[in-house]
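Accompanying notes for the structure given below.
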Amino acid sequence: MSPIDIRSNTVLPARRESLAIHTDDGLSLVGELALPIGKDPVATLITLHPLPTAGGFMDSHVIRKAALRLPALASVAVLRFNTRGTSSPAGLSGGSFDEGNAERFDLSAAVDLAVDRGLPSRWLWGWSFGTELVLRYGLRSDIEGAFLLSPPLRSASDEDLHAWGESGKPVTILVPEFDDYLRPDAAKERFALIPQAKLVPLAGAKHLCVGEQYVSRVLNEIVATVAPEYAPLRTMWDGPTGDLEVES
């Protein structure tokens with residue numbers, strides 16, 4: 001089989017399982033777990049999508065591309081789900097949007113599922129609205145650290161940031177050069193409360209990181225931390241590709 005370029009719509013092999021994630025306040029959330037084929041994952045990404053009232057969901061493009069690529073390219077498990085009241089082609093999660101408040105139960109339920117399944121080296125990855133959930137509710141002993149893509153820092157408080165700083169857990173902050181809410185210089189000042197944080201400016205990018213060059217940069221930064229033996233990610237694939245195979 002001739003190698004092919006990995007493009008925006010490339011689907012690489014993975015074991016894909018549809019999930020119903022149950023929260024402590026009685027909701028069922030729609031999700032998917034993507035795992036490497038024929039081997040155990042070396043790390044796990046638990047993803048929190050952008051703002052659902054602005055179109056964010058578990059298929060938001062950078063998260064979706066992580067699920068389609070990282071199990072095969074880096075032996076990383078990717079858990080993605082719709083927060084309460086959020087719909088995607090996979091289905092509608094129960095409940096209704098609560099402006100980042102009751103969503104704490106959603107994050108907790110996703111992490112608990114990853115722990116119960118024995119998924120290793122669990123990392124939180126939030127994008128935009130999802131970064132607020134990570135900062136406010138994600139500081140747990142069973143989480144290795146966090147990735148924050150395009151953080152707006154609207155509801156997360158200085159106390160939240162200070163707590164992450166006190167924890168010493170690694171935090172990588174990926175900030176688009178032309179972000180709509182928080183640009184690299186301002187982010188450096190705001191995130192000074194997390195002394196161990198690594199700030200990564202994304203030159204040329206905007207808030208939604210549209211463009212394969214930005215997706216590649218984000219995924220490479222993540223893999224360099226959670227599975228460094230696979231970094232940098234391959235840009236060519238010489239194995240099978242195809243449609244998603246979703247297990248019930």
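Residue numbering restarts at 1 for every chain of the structure tokens, chains are lettered A, B, ... in their displayed order, and ligands are numbered from 1 as they appear.
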Report task. Just the residues within 12 Å of region 233-241 of chain A, please, counting only C-alpha atoms, with nothing from its chain fewer than 2 positions along; format it as a count of residues only. Result -> 45
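By only C-alpha atoms, and with residues fewer than 2 positions from Pro120 (chain A) along its chain excluded, the set lying at most 7 Å from it is Val42, Ala43, Thr44, Gly118 and Arg122 of chain A.
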Requested in this report: Could you find all residues in region 134-194 of chain A that DSSP calls alpha helix (DSSP H) from the backbone, and write them as an MDAnalysis selection string?
Outcome: chainID A and resid 134:137 158:167 184:190
What would the file look like if the residues just selected were written as a CSV table (one decimal), in the first residue's frame with C-alpha atoms?
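This is the output file again-v7.csv:
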```csv
chain,number,residue,atom,x,y,z
A,134,VAL,CA,-10.9,22.2,33.2
A,135,LEU,CA,-9.7,25.1,35.3
A,136,ARG,CA,-12.7,25.3,37.6
A,137,TYR,CA,-13.4,21.6,38.1
A,158,ASP,CA,-7.6,33.7,40.0
A,159,GLU,CA,-8.3,31.3,42.8
A,160,ASP,CA,-8.7,28.5,40.3
A,161,LEU,CA,-5.5,29.4,38.6
A,162,HIS,CA,-3.6,29.6,41.9
A,163,ALA,CA,-4.9,26.2,42.9
A,164,TRP,CA,-3.5,24.7,39.7
A,165,GLY,CA,-0.2,26.5,40.4
A,166,GLU,CA,-0.1,25.2,43.9
A,167,SER,CA,-0.7,21.6,42.6
A,184,PRO,CA,-0.4,35.5,24.0
A,185,ASP,CA,0.9,38.6,25.8
A,186,ALA,CA,-2.2,38.9,28.0
A,187,ALA,CA,-2.3,35.2,28.6
A,188,LYS,CA,1.3,35.3,29.8
A,189,GLU,CA,0.3,37.9,32.4
A,190,ARG,CA,-3.0,36.1,33.5
```
Report task. May I have the residues within 7 Å of region 90-106 of chain A as a ChimeraX atom specification, using only C-alpha atoms and disregarding those fewer than 6 positions away in the same chain? Result -> /A:23-24,27-30,82-84,133,137
Query raised in the report: Could you work out how far CA of Leu48 (chain A) lies from CA of Trp127 (chain A), giving the answer in Å with one decimal?
Result: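 Atom-to-atom, CA of Trp127 (chain A) to CA of Leu48 (chain A), that is 6.3 Å.
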Requested in this report: Calculate how many Å separate CA of Glu32 (chain A) from CA of Ser150 (chain A), rounding to one decimal.
Outcome: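 Going from CA of Glu32 (chain A) over to CA of Ser150 (chain A) covers 23.0 Å.
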Query raised in the report: Hey, can you check how far CA of Leu202 (chain A) sits from CA of Pro176 (chain A)?
Result: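 These atoms are spaced 4.5 Å apart.
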**Report entry** strand (DSSP E) residues, from DSSP on the backbone, in region 36-236 of chain A, as a VMD selection string
**Finding:** chain A and resid 43 to 48 76 to 81 87 to 88 91 to 92 122 to 127 145 to 149 171 to 176 198 to 202 236
**Report entry** Contact residues around Ala203 (chain A) with only C-alpha atoms at 9 Å, ignoring same-chain residues under 4 positions, as a PyMOL selection string
**Finding:** chain A and resi 175-178+214
Pull C-alpha atoms from the residues just selected and write them as a PDB file, in the first residue's frame.
```pdb
ATOM      1  CA  VAL A 175      -2.929  30.585  22.628  1.00  0.00           C
ATOM      2  CA  PRO A 176      -3.682  31.738  19.054  1.00  0.00           C
ATOM      3  CA  GLU A 177      -1.843  34.861  17.963  1.00  0.00           C
ATOM      4  CA  PHE A 178      -5.107  36.468  16.812  1.00  0.00           C
ATOM      5  CA  TYR A 214      -2.724  24.749  13.370  1.00  0.00           C
TER       6      TYR A 214
END
```
